[in-house]
Amino acid sequence: MLKTACEVISAQGFGHTRTLDIARAAGVSQALLFYHFETKDRLFAQAFAYAARLHRDTLDSIERLERPPLERLRTLLRRCSPGGSADGWRLWIDAWAESIRSSDLEETTRRLDQQGRQVLRGIIEDGVARGQFACEDPEGASWRLFALIDGLAIQIQVHPKALSRRRANQLIRTAAAAELGLSPTDL
């Protein structure tokens with residue numbers, strides 16, 4: 001049910017999705033949804049928590065990779081790319097907006113943002129320690145890079161004709177290279 005809820009919310013948005021829409025898509029009754037989740041807000045929060053767990057699993061797998069920092073960085077940038085799944089980004093962007101009004105969503109989005117920055121900071125620190133990256137402020141670099149990724153993802157979703165996915169990825173690679181003392185061609 002949570003996967004289906006994510007799909008419906010991604011397509012329609014938090015504000016336009018009814019529990020009836022999710023129940024129909026899942027092939028269950030609304031009563032069953034409310035039996036499991038009690039309220040619409042709790043259903044939405046748990047659906048997003050499900051999507052967040054999937055993303056956390058991705059971040060965990062990148063963090064555990066036994067590969068050089070540059071290769072892990074490439075993997076992280078590719079997996080977090082604003083050129084990735086439009087459905088995933090729509091759900092994420094909508095969750096940020098709803099987080100203003102929902103403490104459950106705020107906590108989930110904040111923890112996921114924090115984990116992404118921690119993974120990136122760890123990769124950067126490992127690269128600096130190995131002499132592969134030059135970065136005096138790994139924490140600041142991780143904030144700046146994720147802010148750029150998130151901002152470009154919003155632009156792609158809201159104004160798809162203004163910026164191509166390819167150009168957005170190029171901008172991210174250029175910024176990451178500048179942050180880490182690399183050439184954009186390294187990424």
# chains A, B, ... in the order shown; residues from 1 in each chain; ligands from 1
call {"tool": "residues_around", "arguments": {"residues": "range 94-100 of chain A", "least_positions_apart": "5", "cutoff": "7 Å", "atoms": "only C-alpha atoms", "output": "ChimeraX atom specification"}}
result
/A:13-14,105-106,109
call {"tool": "residues_around", "arguments": {"residues": "range 70-73 of chain A", "least_positions_apart": "4", "cutoff": "9 Å", "atoms": "only C-alpha atoms", "output": "JSON, numbers by chain"}}
result
{"A": [62, 63, 65, 66, 77, 78, 120, 123, 124, 127, 132, 133, 186, 187]}
call {"tool": "atom_distance", "arguments": {"atom1": "CA of Lys161 in chain A", "atom2": "CA of Ala177 in chain A"}}
result
26.1 Å
call {"tool": "select_by_dssp", "arguments": {"residues": "range 3-139 of chain A", "states": "helix (DSSP H, G or I)", "output": "VMD selection string"}}
result
chain A and resid 3 to 12 14 to 16 19 to 26 30 to 37 40 to 64 69 to 79 86 to 99 103 to 129 138 to 139
call {"tool": "residues_around", "arguments": {"residues": "Leu20 in chain A", "least_positions_apart": "2", "cutoff": "12 Å", "atoms": "only C-alpha atoms", "output": "NGL selection string"}}
result
:A and (5 or 8-9 or 16-18 or 22-34 or 40)
call {"tool": "closest_atom_pairs", "arguments": {"of": "range 87-172 of chain A", "to": "range 43-53 of chain A", "cutoff": "12 Å", "atoms": "only C-alpha atoms", "output": "JSON lines"}}
result
{"residue": "A:Asp87", "atom": "CA", "partner": "A:Ala51", "partner_atom": "CA", "distance": 11.1}
{"residue": "A:Gly88", "atom": "CA", "partner": "A:Ala51", "partner_atom": "CA", "distance": 8.4}
{"residue": "A:Trp89", "atom": "CA", "partner": "A:Ala51", "partner_atom": "CA", "distance": 11.0}
{"residue": "A:Arg90", "atom": "CA", "partner": "A:Phe48", "partner_atom": "CA", "distance": 11.7}
{"residue": "A:Leu91", "atom": "CA", "partner": "A:Phe48", "partner_atom": "CA", "distance": 7.9}
{"residue": "A:Trp92", "atom": "CA", "partner": "A:Phe48", "partner_atom": "CA", "distance": 8.3}
{"residue": "A:Ile93", "atom": "CA", "partner": "A:Phe48", "partner_atom": "CA", "distance": 11.3}
{"residue": "A:Asp94", "atom": "CA", "partner": "A:Phe48", "partner_atom": "CA", "distance": 10.1}
{"residue": "A:Ala95", "atom": "CA", "partner": "A:Phe48", "partner_atom": "CA", "distance": 7.5}
{"residue": "A:Trp96", "atom": "CA", "partner": "A:Phe48", "partner_atom": "CA", "distance": 10.6}
{"residue": "A:Glu98", "atom": "CA", "partner": "A:Ala45", "partner_atom": "CA", "distance": 9.8}
{"residue": "A:Ser99", "atom": "CA", "partner": "A:Ala45", "partner_atom": "CA", "distance": 9.7}
{"residue": "A:Arg101", "atom": "CA", "partner": "A:Ala45", "partner_atom": "CA", "distance": 11.6}
{"residue": "A:Ser102", "atom": "CA", "partner": "A:Ala45", "partner_atom": "CA", "distance": 8.3}
{"residue": "A:Ser103", "atom": "CA", "partner": "A:Ala45", "partner_atom": "CA", "distance": 9.2}
{"residue": "A:Asp104", "atom": "CA", "partner": "A:Ala45", "partner_atom": "CA", "distance": 6.1}
{"residue": "A:Leu105", "atom": "CA", "partner": "A:Ala45", "partner_atom": "CA", "distance": 5.7}
{"residue": "A:Glu106", "atom": "CA", "partner": "A:Ala45", "partner_atom": "CA", "distance": 9.4}
{"residue": "A:Glu107", "atom": "CA", "partner": "A:Ala49", "partner_atom": "CA", "distance": 9.8}
{"residue": "A:Thr108", "atom": "CA", "partner": "A:Ala49", "partner_atom": "CA", "distance": 6.4}
{"residue": "A:Thr109", "atom": "CA", "partner": "A:Ala52", "partner_atom": "CA", "distance": 7.8}
{"residue": "A:Arg110", "atom": "CA", "partner": "A:Ala52", "partner_atom": "CA", "distance": 10.6}
{"residue": "A:Arg111", "atom": "CA", "partner": "A:Ala52", "partner_atom": "CA", "distance": 9.3}
{"residue": "A:Leu112", "atom": "CA", "partner": "A:Ala52", "partner_atom": "CA", "distance": 6.8}
{"residue": "A:Asp113", "atom": "CA", "partner": "A:Ala52", "partner_atom": "CA", "distance": 10.0}
{"residue": "A:Gln115", "atom": "CA", "partner": "A:Ala52", "partner_atom": "CA", "distance": 10.8}
{"residue": "A:Gly116", "atom": "CA", "partner": "A:Ala52", "partner_atom": "CA", "distance": 11.2}
call {"tool": "closest_residue", "arguments": {"among": "A:Glu179, A:Val119, A:Gly131, A:Asp41", "to": "Thr58 in chain A", "atoms": "only C-alpha atoms"}}
result
A:Val119
call {"tool": "closest_residue", "arguments": {"among": "A:Leu148, A:Ile154, A:Val128, A:Ala176", "to": "Arg74 in chain A", "atoms": "only C-alpha atoms"}}
result
A:Ala176
call {"tool": "closest_residue", "arguments": {"among": "A:Ala86, A:Leu180, A:Cys80, A:Ala11", "to": "Ala141 in chain A", "atoms": "only C-alpha atoms"}}
result
A:Leu180
call {"tool": "atom_distance", "arguments": {"atom1": "CA of Thr4 in chain A", "atom2": "CA of Pro160 in chain A"}}
result
25.4 Å
